[in-house]
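Shown next: structure_23.cif, given as mmCIF, C-alpha atoms.
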data_upload
#
loop_
_atom_site.label_atom_id
_atom_site.label_comp_id
_atom_site.auth_asym_id
_atom_site.auth_seq_id
_atom_site.Cartn_x
_atom_site.Cartn_y
_atom_site.Cartn_z
CA MET A 1365 63.03 -121.86 26.58
CA ARG A 1366 60.69 -118.97 26.15
CA ARG A 1367 62.05 -117.41 29.30
CA ARG A 1368 65.58 -117.89 28.07
CA ALA A 1369 64.74 -116.23 24.77
CA GLY A 1370 63.34 -113.36 26.79
CA TRP A 1371 66.59 -113.01 28.72
CA ILE A 1372 68.60 -113.10 25.53
CA ALA A 1373 66.39 -110.43 24.00
CA ALA A 1374 66.77 -108.32 27.15
CA ALA A 1375 70.54 -108.74 27.08
CA LEU A 1376 70.70 -107.76 23.42
CA LEU A 1377 68.53 -104.74 24.09
CA ALA A 1378 70.69 -103.73 27.05
CA ALA A 1379 73.78 -104.09 24.88
CA ALA A 1380 72.19 -102.02 22.12
CA CYS A 1381 71.23 -99.35 24.63
CA SER A 1382 74.61 -99.22 26.31
CA SER A 1383 76.92 -99.23 23.29
CA GLN A 1384 78.42 -95.77 23.37
CA THR A 1385 79.57 -93.77 20.41
CA PRO A 1386 80.53 -90.10 20.30
CA VAL A 1387 77.42 -89.18 18.33
CA ARG A 1388 74.74 -91.14 20.11
CA ARG A 1389 74.74 -91.86 23.80
CA PRO A 1390 71.93 -93.60 25.67
CA ARG A 1391 70.91 -92.11 29.00
CA VAL A 1392 69.30 -94.74 31.15
CA THR A 1393 68.38 -94.65 34.84
CA PRO A 1394 66.87 -97.35 37.05
CA ALA A 1395 65.02 -94.58 38.94
CA ALA A 1396 62.53 -94.07 36.07
CA PRO A 1397 60.27 -96.79 34.63
CA THR A 1398 62.21 -99.20 32.47
CA ALA A 1399 61.38 -99.09 28.78
CA VAL A 1400 58.39 -101.31 27.96
CA GLY A 1401 59.68 -102.03 24.46
CA PRO A 1402 62.77 -101.80 22.25
CA TYR A 1403 63.72 -98.23 23.07
CA CYS A 1404 65.91 -96.32 25.51
CA GLN A 1405 64.58 -93.91 28.11
CA ALA A 1406 66.63 -91.21 26.43
CA ILE A 1407 69.32 -90.71 23.82
CA GLU A 1408 71.86 -87.92 23.79
CA GLY A 1409 73.25 -86.71 20.51
CA ALA A 1410 74.32 -83.47 18.80
CA GLY A 1411 73.97 -81.58 22.07
CA LEU A 1412 70.36 -82.64 22.46
CA LEU A 1413 68.66 -85.14 24.74
CA PHE A 1414 65.67 -86.97 23.29
CA VAL A 1415 63.47 -88.33 26.07
CA SER A 1416 61.08 -91.16 25.24
CA GLY A 1417 57.39 -90.64 25.88
CA GLN A 1418 56.62 -91.16 29.55
CA ILE A 1419 53.30 -92.32 30.95
CA GLY A 1420 52.31 -92.09 34.60
CA ILE A 1421 53.95 -95.31 35.72
CA ASP A 1422 55.26 -95.30 39.26
CA PRO A 1423 58.75 -96.83 38.94
CA ALA A 1424 58.36 -98.40 42.40
CA THR A 1425 55.30 -100.46 41.46
CA GLY A 1426 55.43 -100.57 37.67
CA GLU A 1427 51.77 -99.53 37.67
CA LEU A 1428 50.01 -96.30 36.77
CA SER A 1429 50.22 -94.03 39.79
CA SER A 1430 46.61 -92.84 39.51
CA PRO A 1431 43.50 -93.57 37.47
CA GLU A 1432 43.12 -89.82 36.89
CA THR A 1433 44.77 -87.58 34.35
CA ARG A 1434 46.18 -85.04 36.82
CA GLY A 1435 47.90 -87.72 38.87
CA GLN A 1436 49.24 -89.32 35.71
CA VAL A 1437 50.54 -85.98 34.38
CA GLU A 1438 52.35 -85.47 37.67
CA GLN A 1439 53.92 -88.94 37.56
CA ALA A 1440 54.79 -88.74 33.85
CA LEU A 1441 56.58 -85.45 34.46
CA LYS A 1442 58.31 -86.93 37.51
CA ASN A 1443 59.61 -89.68 35.24
CA VAL A 1444 60.75 -87.16 32.63
CA THR A 1445 62.49 -85.20 35.40
CA ILE A 1446 64.30 -88.29 36.71
CA ILE A 1447 65.56 -89.07 33.21
CA LEU A 1448 66.66 -85.44 32.72
CA GLU A 1449 68.46 -85.49 36.07
CA ALA A 1450 70.31 -88.65 35.10
CA ALA A 1451 71.73 -86.59 32.22
CA GLY A 1452 72.52 -83.66 34.54
CA LEU A 1453 69.54 -81.60 33.39
CA THR A 1454 66.31 -80.19 34.79
CA CYS A 1455 62.96 -79.20 33.33
CA ASP A 1456 64.48 -75.77 32.62
CA ASP A 1457 66.58 -77.41 29.90
CA VAL A 1458 63.58 -78.79 28.00
CA VAL A 1459 62.97 -77.03 24.69
CA LYS A 1460 60.04 -79.01 23.27
CA THR A 1461 57.46 -81.46 24.51
CA THR A 1462 54.61 -83.37 22.96
CA VAL A 1463 51.60 -84.15 25.11
CA PHE A 1464 49.35 -86.99 24.02
CA LEU A 1465 45.98 -87.06 25.76
CA VAL A 1466 43.27 -89.68 25.35
CA ASP A 1467 40.73 -86.92 25.98
CA LEU A 1468 41.23 -83.24 25.23
CA GLU A 1469 38.62 -82.56 27.92
CA ASP A 1470 41.59 -83.08 30.25
CA TYR A 1471 43.49 -80.17 28.60
CA ALA A 1472 42.89 -77.62 31.39
CA GLY A 1473 43.64 -80.09 34.18
CA MET A 1474 46.78 -81.25 32.40
CA ASN A 1475 47.91 -77.63 31.94
CA GLU A 1476 47.47 -76.89 35.61
CA VAL A 1477 49.77 -79.71 36.70
CA TYR A 1478 52.11 -79.24 33.72
CA ALA A 1479 52.62 -75.53 34.52
CA ARG A 1480 54.12 -76.43 37.91
CA SER A 1481 57.04 -78.16 36.20
CA PHE A 1482 57.57 -75.51 33.53
CA LYS A 1483 57.30 -72.15 35.24
CA ASN A 1484 59.56 -69.75 33.37
CA ALA A 1485 60.12 -69.66 29.63
CA PRO A 1486 58.16 -72.89 29.16
CA PRO A 1487 59.20 -75.13 26.26
CA ALA A 1488 57.45 -75.25 22.91
CA ARG A 1489 54.72 -77.89 22.97
CA SER A 1490 52.32 -79.78 20.76
CA THR A 1491 49.19 -81.32 22.24
CA VAL A 1492 46.95 -83.82 20.51
CA GLN A 1493 44.27 -86.31 21.42
CA VAL A 1494 45.11 -89.88 20.50
CA ALA A 1495 42.99 -93.01 20.25
CA LYS A 1496 44.91 -95.02 22.83
CA LEU A 1497 48.10 -95.03 24.90
CA PRO A 1498 50.22 -97.88 26.26
CA LYS A 1499 48.93 -99.56 29.45
CA GLY A 1500 45.65 -97.68 29.16
CA ALA A 1501 47.31 -94.44 30.26
CA ARG A 1502 45.45 -91.12 29.96
CA VAL A 1503 48.52 -89.07 29.08
CA GLU A 1504 51.96 -89.51 27.58
CA ILE A 1505 54.63 -86.81 27.50
CA GLU A 1506 57.82 -86.83 25.44
CA ALA A 1507 60.55 -84.21 25.56
CA ILE A 1508 63.61 -82.80 23.85
CA ALA A 1509 66.18 -81.01 26.02
CA MET A 1510 69.41 -79.18 25.29
CA MET A 1511 72.55 -80.55 26.95
CA ARG A 1512 74.60 -78.08 28.99
CA GLY A 1513 78.11 -76.86 28.23
CA MET B 1010 74.09 -70.73 26.12
CA THR B 1011 71.16 -68.36 26.09
CA ARG B 1012 67.67 -69.69 25.83
CA TYR B 1013 65.38 -67.35 23.96
CA VAL B 1014 61.61 -67.48 24.15
CA VAL B 1015 60.30 -66.63 20.70
CA ALA B 1016 57.22 -64.43 20.93
CA THR B 1017 55.55 -62.75 17.98
CA ASP B 1018 52.14 -61.32 17.17
CA ARG B 1019 52.47 -62.85 13.70
CA ALA B 1020 51.27 -66.11 15.27
CA PRO B 1021 48.54 -66.80 17.81
CA ARG B 1022 49.37 -66.34 21.46
CA ALA B 1023 50.03 -69.56 23.35
CA ILE B 1024 46.79 -70.99 24.77
CA GLY B 1025 48.54 -72.89 27.57
CA PRO B 1026 51.79 -73.01 29.56
CA TYR B 1027 54.10 -73.16 26.56
CA SER B 1028 56.09 -70.80 24.35
CA GLN B 1029 55.49 -70.28 20.63
CA ALA B 1030 59.06 -71.46 20.16
CA ILE B 1031 62.35 -71.81 21.98
CA LEU B 1032 65.54 -70.68 20.25
CA LEU B 1033 68.72 -72.20 21.63
CA GLU B 1034 72.10 -72.87 20.03
CA GLY B 1035 70.72 -72.16 16.59
CA TRP B 1036 67.89 -74.65 16.97
CA VAL B 1037 64.30 -73.47 16.83
CA PHE B 1038 61.72 -75.73 18.44
CA CYS B 1039 58.25 -74.62 17.41
CA SER B 1040 55.04 -75.47 19.19
CA GLY B 1041 52.33 -77.18 17.22
CA GLN B 1042 50.32 -74.59 15.31
CA ILE B 1043 46.65 -74.94 14.62
CA ALA B 1044 44.83 -72.58 12.28
CA LEU B 1045 44.14 -69.82 14.80
CA VAL B 1046 44.06 -66.30 13.38
CA PRO B 1047 46.66 -64.28 15.34
CA GLU B 1048 44.48 -61.16 15.58
CA THR B 1049 41.35 -62.89 16.86
CA GLY B 1050 42.57 -66.12 18.40
CA GLU B 1051 39.75 -67.88 16.54
CA LEU B 1052 40.01 -70.82 14.20
CA VAL B 1053 40.17 -69.69 10.57
CA ALA B 1054 37.00 -70.24 8.58
CA GLY B 1055 37.22 -72.85 5.84
CA ASP B 1056 38.29 -76.39 5.11
CA VAL B 1057 41.55 -78.23 5.77
CA ARG B 1058 43.25 -76.30 2.95
CA ALA B 1059 42.54 -72.97 4.60
CA GLN B 1060 43.57 -74.41 7.95
CA THR B 1061 46.83 -75.84 6.62
CA GLU B 1062 47.63 -72.48 5.06
CA ARG B 1063 46.94 -70.62 8.30
CA ALA B 1064 48.90 -73.11 10.44
CA LEU B 1065 51.91 -72.79 8.12
CA GLU B 1066 51.62 -68.98 8.05
CA ASN B 1067 51.66 -69.08 11.84
CA LEU B 1068 54.76 -71.29 11.79
CA ALA B 1069 56.41 -68.94 9.26
CA GLY B 1070 55.66 -66.03 11.59
CA VAL B 1071 57.26 -67.80 14.54
CA LEU B 1072 60.31 -68.84 12.49
CA GLY B 1073 60.66 -65.29 11.15
CA ALA B 1074 60.77 -63.98 14.70
CA ALA B 1075 63.55 -66.48 15.40
CA GLY B 1076 65.61 -65.25 12.45
CA CYS B 1077 64.89 -68.00 9.98
CA GLY B 1078 62.10 -69.31 7.79
CA LEU B 1079 60.31 -72.37 6.48
CA ARG B 1080 63.31 -73.14 4.22
CA ASP B 1081 65.32 -73.83 7.37
CA VAL B 1082 62.93 -76.42 8.77
CA VAL B 1083 64.48 -79.87 9.16
CA ARG B 1084 61.51 -81.76 10.49
CA THR B 1085 57.76 -81.39 10.93
CA THR B 1086 54.94 -83.40 12.41
CA VAL B 1087 51.52 -83.08 10.82
CA TYR B 1088 48.54 -84.15 12.90
CA LEU B 1089 45.31 -84.46 10.97
CA ALA B 1090 41.87 -84.86 12.49
CA ASP B 1091 40.99 -86.97 9.45
CA MET B 1092 43.45 -88.81 7.21
CA ALA B 1093 41.00 -88.25 4.35
CA ASP B 1094 42.45 -84.70 4.30
CA PHE B 1095 45.94 -86.01 3.49
CA THR B 1096 45.94 -85.03 -0.20
CA ALA B 1097 44.38 -81.62 0.35
CA MET B 1098 46.85 -80.88 3.16
CA ASN B 1099 49.77 -81.96 0.96
CA GLU B 1100 48.66 -79.69 -1.85
CA ILE B 1101 48.96 -76.61 0.38
CA TYR B 1102 51.94 -77.94 2.32
CA ALA B 1103 53.93 -78.44 -0.90
CA ARG B 1104 53.51 -74.76 -1.78
CA TYR B 1105 55.21 -73.78 1.46
CA PHE B 1106 58.04 -76.26 1.02
CA PRO B 1107 58.70 -76.11 -2.73
CA GLU B 1108 62.30 -77.32 -2.56
CA ARG B 1109 64.08 -79.87 -0.39
CA PRO B 1110 61.10 -80.33 1.93
CA PRO B 1111 61.88 -81.30 5.52
CA ALA B 1112 61.48 -84.76 7.01
CA ARG B 1113 57.91 -85.27 8.16
CA SER B 1114 55.63 -87.64 10.01
CA THR B 1115 51.89 -87.50 9.45
CA ILE B 1116 49.35 -89.14 11.68
CA GLN B 1117 45.66 -88.96 12.28
CA ALA B 1118 44.96 -87.73 15.79
CA ALA B 1119 41.70 -88.58 17.55
CA ALA B 1120 41.06 -84.86 18.03
CA LEU B 1121 42.98 -81.58 18.02
CA PRO B 1122 42.74 -78.52 20.27
CA ARG B 1123 39.85 -76.15 19.46
CA GLY B 1124 38.44 -78.74 17.09
CA GLY B 1125 41.13 -77.93 14.51
CA ARG B 1126 41.54 -80.17 11.45
CA VAL B 1127 45.32 -79.90 11.33
CA GLU B 1128 48.19 -79.16 13.69
CA ILE B 1129 51.79 -78.76 12.54
CA ASP B 1130 54.95 -78.47 14.61
CA ALA B 1131 58.49 -77.97 13.39
CA ILE B 1132 62.16 -78.01 14.27
CA ALA B 1133 64.43 -75.63 12.34
CA LYS B 1134 68.11 -74.71 12.30
CA VAL B 1135 69.00 -71.06 11.89
CA PRO B 1136 71.56 -70.62 9.09
CA GLN B 1137 75.05 -69.76 10.41
#

Once you've parsed the file, please lay out its structure as structure tokens.
Amino acid sequence: MRRRAGWIAAALLAAACSSQTPVRRPRVTPAAPTAVGPYCQAIEGAGLLFVSGQIGIDPATGELSSPETRGQVEQALKNVTIILEAAGLTCDDVVKTTVFLVDLEDYAGMNEVYARSFKNAPPARSTVQVAKLPKGARVEIEAIAMMRG
Amino acid sequence: MTRYVVATDRAPRAIGPYSQAILLEGWVFCSGQIALVPETGELVAGDVRAQTERALENLAGVLGAAGCGLRDVVRTTVYLADMADFTAMNEIYARYFPERPPARSTIQAAALPRGGRVEIDAIAKVPQ
């Protein structure tokens, strides 16, 4: 019964995420971690793509790719990139990110890995330390990108 | 579609791999501003009021360089190091957004870069 309710909830969520309207279009890819709650990986609207916060989950295993911040930054950005690519975009199309760290001591290490993905004209960014992140992650990164054309 | 990196000395230089703002298709996406003094790169002396003022002056500087101003902001996020500063922050914040203030979310962060008490980011739309 409980399992069935779960399936129904999942089906409803899938329906909610796949209903397409001209103003608001979900962008979902199986190549990035599936949403761990009632949200879509990304939503396109008004020429912008809003990418949900990504933590360093390896889509292949469903687990954090590394216990360390650098490894998690790399994986989180990989996930962001996969979601961008599913919408025909790359990191060059990102205009704003927010980086949530559980420890600002990781700021320099995060920057080092982060800079590899955003080389030229890097997006605007806000960085804050938070009390906790889902799944015990050390970093979460969300992004806004501009659609092409 | 040209992507412009907004860079001005009216706001502190970026302290990491990010731009002060990106201007694209009339949208201005501003990085979170803490109360760094543009000339020195140091945190402004004073309480959360002084820091809110400086952070918003920095944002105004960035927006000005993008061809708009605080009146064109549609959304902000305010990160406070301590929610006890909410009222004091609002007092200053309200002066900068006297009419039709933008949508806003306010949260208490565990800590902010450079030990700042407030960080504010913004999205604005340049008037046609």

- Query: Expanded to explicit residues, what is the PyMOL selection byres ((chain A) within 9 of (chain B)) for this file, as an NGL selection string?
  - Reply: :A and (1457 or 1459-1462 or 1466-1468 or 1471-1472 or 1475-1476 or 1478-1479 or 1482-1483 or 1485-1496 or 1510 or 1512-1513)

Please produce a file of those selected residues containing C-alpha atoms, as a PDB file, keeping the file's coordinate frame.
ATOM      1  CA  ASP A1457      66.580 -77.410  29.900  1.00  0.00           C
ATOM      2  CA  VAL A1459      62.970 -77.030  24.690  1.00  0.00           C
ATOM      3  CA  LYS A1460      60.040 -79.010  23.270  1.00  0.00           C
ATOM      4  CA  THR A1461      57.460 -81.460  24.510  1.00  0.00           C
ATOM      5  CA  THR A1462      54.610 -83.370  22.960  1.00  0.00           C
ATOM      6  CA  VAL A1466      43.270 -89.680  25.350  1.00  0.00           C
ATOM      7  CA  ASP A1467      40.730 -86.920  25.980  1.00  0.00           C
ATOM      8  CA  LEU A1468      41.230 -83.240  25.230  1.00  0.00           C
ATOM      9  CA  TYR A1471      43.490 -80.170  28.600  1.00  0.00           C
ATOM     10  CA  ALA A1472      42.890 -77.620  31.390  1.00  0.00           C
ATOM     11  CA  ASN A1475      47.910 -77.630  31.940  1.00  0.00           C
ATOM     12  CA  GLU A1476      47.470 -76.890  35.610  1.00  0.00           C
ATOM     13  CA  TYR A1478      52.110 -79.240  33.720  1.00  0.00           C
ATOM     14  CA  ALA A1479      52.620 -75.530  34.520  1.00  0.00           C
ATOM     15  CA  PHE A1482      57.570 -75.510  33.530  1.00  0.00           C
ATOM     16  CA  LYS A1483      57.300 -72.150  35.240  1.00  0.00           C
ATOM     17  CA  ALA A1485      60.120 -69.660  29.630  1.00  0.00           C
ATOM     18  CA  PRO A1486      58.160 -72.890  29.160  1.00  0.00           C
ATOM     19  CA  PRO A1487      59.200 -75.130  26.260  1.00  0.00           C
ATOM     20  CA  ALA A1488      57.450 -75.250  22.910  1.00  0.00           C
ATOM     21  CA  ARG A1489      54.720 -77.890  22.970  1.00  0.00           C
ATOM     22  CA  SER A1490      52.320 -79.780  20.760  1.00  0.00           C
ATOM     23  CA  THR A1491      49.190 -81.320  22.240  1.00  0.00           C
ATOM     24  CA  VAL A1492      46.950 -83.820  20.510  1.00  0.00           C
ATOM     25  CA  GLN A1493      44.270 -86.310  21.420  1.00  0.00           C
ATOM     26  CA  VAL A1494      45.110 -89.880  20.500  1.00  0.00           C
ATOM     27  CA  ALA A1495      42.990 -93.010  20.250  1.00  0.00           C
ATOM     28  CA  LYS A1496      44.910 -95.020  22.830  1.00  0.00           C
ATOM     29  CA  MET A1510      69.410 -79.180  25.290  1.00  0.00           C
ATOM     30  CA  ARG A1512      74.600 -78.080  28.990  1.00  0.00           C
ATOM     31  CA  GLY A1513      78.110 -76.860  28.230  1.00  0.00           C
TER      32      GLY A1513
END

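In this model, the gap between atom CA of Glu1438 of chain A and atom CA of Val1477 of chain A comes to 6.4 Å.
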
So which residues get picked by the PyMOL selection byres ((chain A and resi 1443-1456) around 10) here, written as a PDB file with C-alpha atoms, in the frame of the given file?
ATOM      1  CA  PRO A1390      71.930 -93.600  25.670  1.00  0.00           C
ATOM      2  CA  ARG A1391      70.910 -92.110  29.000  1.00  0.00           C
ATOM      3  CA  VAL A1392      69.300 -94.740  31.150  1.00  0.00           C
ATOM      4  CA  THR A1393      68.380 -94.650  34.840  1.00  0.00           C
ATOM      5  CA  PRO A1394      66.870 -97.350  37.050  1.00  0.00           C
ATOM      6  CA  ALA A1395      65.020 -94.580  38.940  1.00  0.00           C
ATOM      7  CA  ALA A1396      62.530 -94.070  36.070  1.00  0.00           C
ATOM      8  CA  PRO A1397      60.270 -96.790  34.630  1.00  0.00           C
ATOM      9  CA  GLN A1405      64.580 -93.910  28.110  1.00  0.00           C
ATOM     10  CA  ALA A1406      66.630 -91.210  26.430  1.00  0.00           C
ATOM     11  CA  ILE A1407      69.320 -90.710  23.820  1.00  0.00           C
ATOM     12  CA  GLU A1408      71.860 -87.920  23.790  1.00  0.00           C
ATOM     13  CA  LEU A1413      68.660 -85.140  24.740  1.00  0.00           C
ATOM     14  CA  PHE A1414      65.670 -86.970  23.290  1.00  0.00           C
ATOM     15  CA  VAL A1415      63.470 -88.330  26.070  1.00  0.00           C
ATOM     16  CA  SER A1416      61.080 -91.160  25.240  1.00  0.00           C
ATOM     17  CA  GLY A1417      57.390 -90.640  25.880  1.00  0.00           C
ATOM     18  CA  GLN A1418      56.620 -91.160  29.550  1.00  0.00           C
ATOM     19  CA  ILE A1419      53.300 -92.320  30.950  1.00  0.00           C
ATOM     20  CA  GLY A1420      52.310 -92.090  34.600  1.00  0.00           C
ATOM     21  CA  ILE A1421      53.950 -95.310  35.720  1.00  0.00           C
ATOM     22  CA  ASP A1422      55.260 -95.300  39.260  1.00  0.00           C
ATOM     23  CA  PRO A1423      58.750 -96.830  38.940  1.00  0.00           C
ATOM     24  CA  VAL A1437      50.540 -85.980  34.380  1.00  0.00           C
ATOM     25  CA  GLU A1438      52.350 -85.470  37.670  1.00  0.00           C
ATOM     26  CA  GLN A1439      53.920 -88.940  37.560  1.00  0.00           C
ATOM     27  CA  ALA A1440      54.790 -88.740  33.850  1.00  0.00           C
ATOM     28  CA  LEU A1441      56.580 -85.450  34.460  1.00  0.00           C
ATOM     29  CA  LYS A1442      58.310 -86.930  37.510  1.00  0.00           C
ATOM     30  CA  ASP A1457      66.580 -77.410  29.900  1.00  0.00           C
ATOM     31  CA  VAL A1458      63.580 -78.790  28.000  1.00  0.00           C
ATOM     32  CA  VAL A1459      62.970 -77.030  24.690  1.00  0.00           C
ATOM     33  CA  SER A1481      57.040 -78.160  36.200  1.00  0.00           C
ATOM     34  CA  PHE A1482      57.570 -75.510  33.530  1.00  0.00           C
ATOM     35  CA  LYS A1483      57.300 -72.150  35.240  1.00  0.00           C
ATOM     36  CA  ASN A1484      59.560 -69.750  33.370  1.00  0.00           C
ATOM     37  CA  ALA A1485      60.120 -69.660  29.630  1.00  0.00           C
ATOM     38  CA  PRO A1486      58.160 -72.890  29.160  1.00  0.00           C
ATOM     39  CA  PRO A1487      59.200 -75.130  26.260  1.00  0.00           C
ATOM     40  CA  ILE A1505      54.630 -86.810  27.500  1.00  0.00           C
ATOM     41  CA  GLU A1506      57.820 -86.830  25.440  1.00  0.00           C
ATOM     42  CA  ALA A1507      60.550 -84.210  25.560  1.00  0.00           C
ATOM     43  CA  ILE A1508      63.610 -82.800  23.850  1.00  0.00           C
ATOM     44  CA  ALA A1509      66.180 -81.010  26.020  1.00  0.00           C
ATOM     45  CA  MET A1510      69.410 -79.180  25.290  1.00  0.00           C
ATOM     46  CA  MET A1511      72.550 -80.550  26.950  1.00  0.00           C
ATOM     47  CA  ARG A1512      74.600 -78.080  28.990  1.00  0.00           C
TER      48      ARG A1512
ATOM     49  CA  ARG B1012      67.670 -69.690  25.830  1.00  0.00           C
TER      50      ARG B1012
END

- Chain and number of each residue from the PyMOL selection byres ((chain B and resi 1098-1115) around 6), as number ranges by chain: B: 1058, 1082-1088, 1094-1097, 1116

Could you write out that same residue set with C-alpha atoms as a compact mmCIF listing (two decimals), in the coordinates of the input?
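Output saved as again_29.txt:
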# COMPACT_ATOMS: atom_id res chain seq x y z
CA ARG B 1058 43.25 -76.30 2.95
CA VAL B 1082 62.93 -76.42 8.77
CA VAL B 1083 64.48 -79.87 9.16
CA ARG B 1084 61.51 -81.76 10.49
CA THR B 1085 57.76 -81.39 10.93
CA THR B 1086 54.94 -83.40 12.41
CA VAL B 1087 51.52 -83.08 10.82
CA TYR B 1088 48.54 -84.15 12.90
CA ASP B 1094 42.45 -84.70 4.30
CA PHE B 1095 45.94 -86.01 3.49
CA THR B 1096 45.94 -85.03 -0.20
CA ALA B 1097 44.38 -81.62 0.35
CA ILE B 1116 49.35 -89.14 11.68

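With only C-alpha atoms as the atoms that count, the minimum distance from Glu1051 of chain B to the choices B:Gly1035, B:Gly1070, B:Gly1078, B:Gly1125 is reached by B:Gly1125.
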
- Task: Please measure the separation of atom CA of Lys1134 of chain B and atom CA of Asp1081 of chain B, giving the value in Å to one decimal.
- Result: 5.7 Å

- Task: In Å, rounded to a single decimal, give me how far atom CA of Glu1427 of chain A is from atom CA of Pro1498 of chain A.
- Result: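 According to the coordinates, atom CA of Pro1498 of chain A and atom CA of Glu1427 of chain A are separated by 11.6 Å.
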
Edge lengths and centre, in Å to one decimal, as lines of an AutoDock Vina configuration file: that's what I need for the box along x, y and z that holds all listed atoms of segment 1107-1123 of chain B plus 8 Å on each side.
center_x = 52.0
center_y = -82.6
center_z = 8.8
size_x = 40.2
size_y = 29.0
size_z = 39.0

- What lies within 10 Å of Ala1054 of chain B using all atoms listed in the file, ignoring chain neighbours under 3 positions off, as a list in words? Ala1044, Leu1045, Val1046, Glu1051, Val1057, Ala1059, Gln1060 and Arg1063 of chain B

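Distance annotation: of B:Ala1020, B:Val1127, B:Val1071, B:Ala1064, the residue with the minimal separation from Thr1049 of chain B is B:Ala1020; atom set is all atoms listed in the file.
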
- Message: Using all atoms listed in the file, can you tell me which of A:Lys1499, A:Gly1409, A:Thr1433, A:Thr1425 comes closest to Asp1470 of chain A?
- Response: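 Going through A:Lys1499, A:Gly1409, A:Thr1433, A:Thr1425 one by one, the smallest distance to Asp1470 of chain A is for A:Thr1433.
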
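When the distance limit is 9 Å and all atoms listed in the file are what count, the residues near Pro1047 of chain B, minus those fewer than 5 positions from it on the same chain, are Asp1018, Arg1019, Ala1020, Pro1021, Arg1022 and Asn1067 of chain B.
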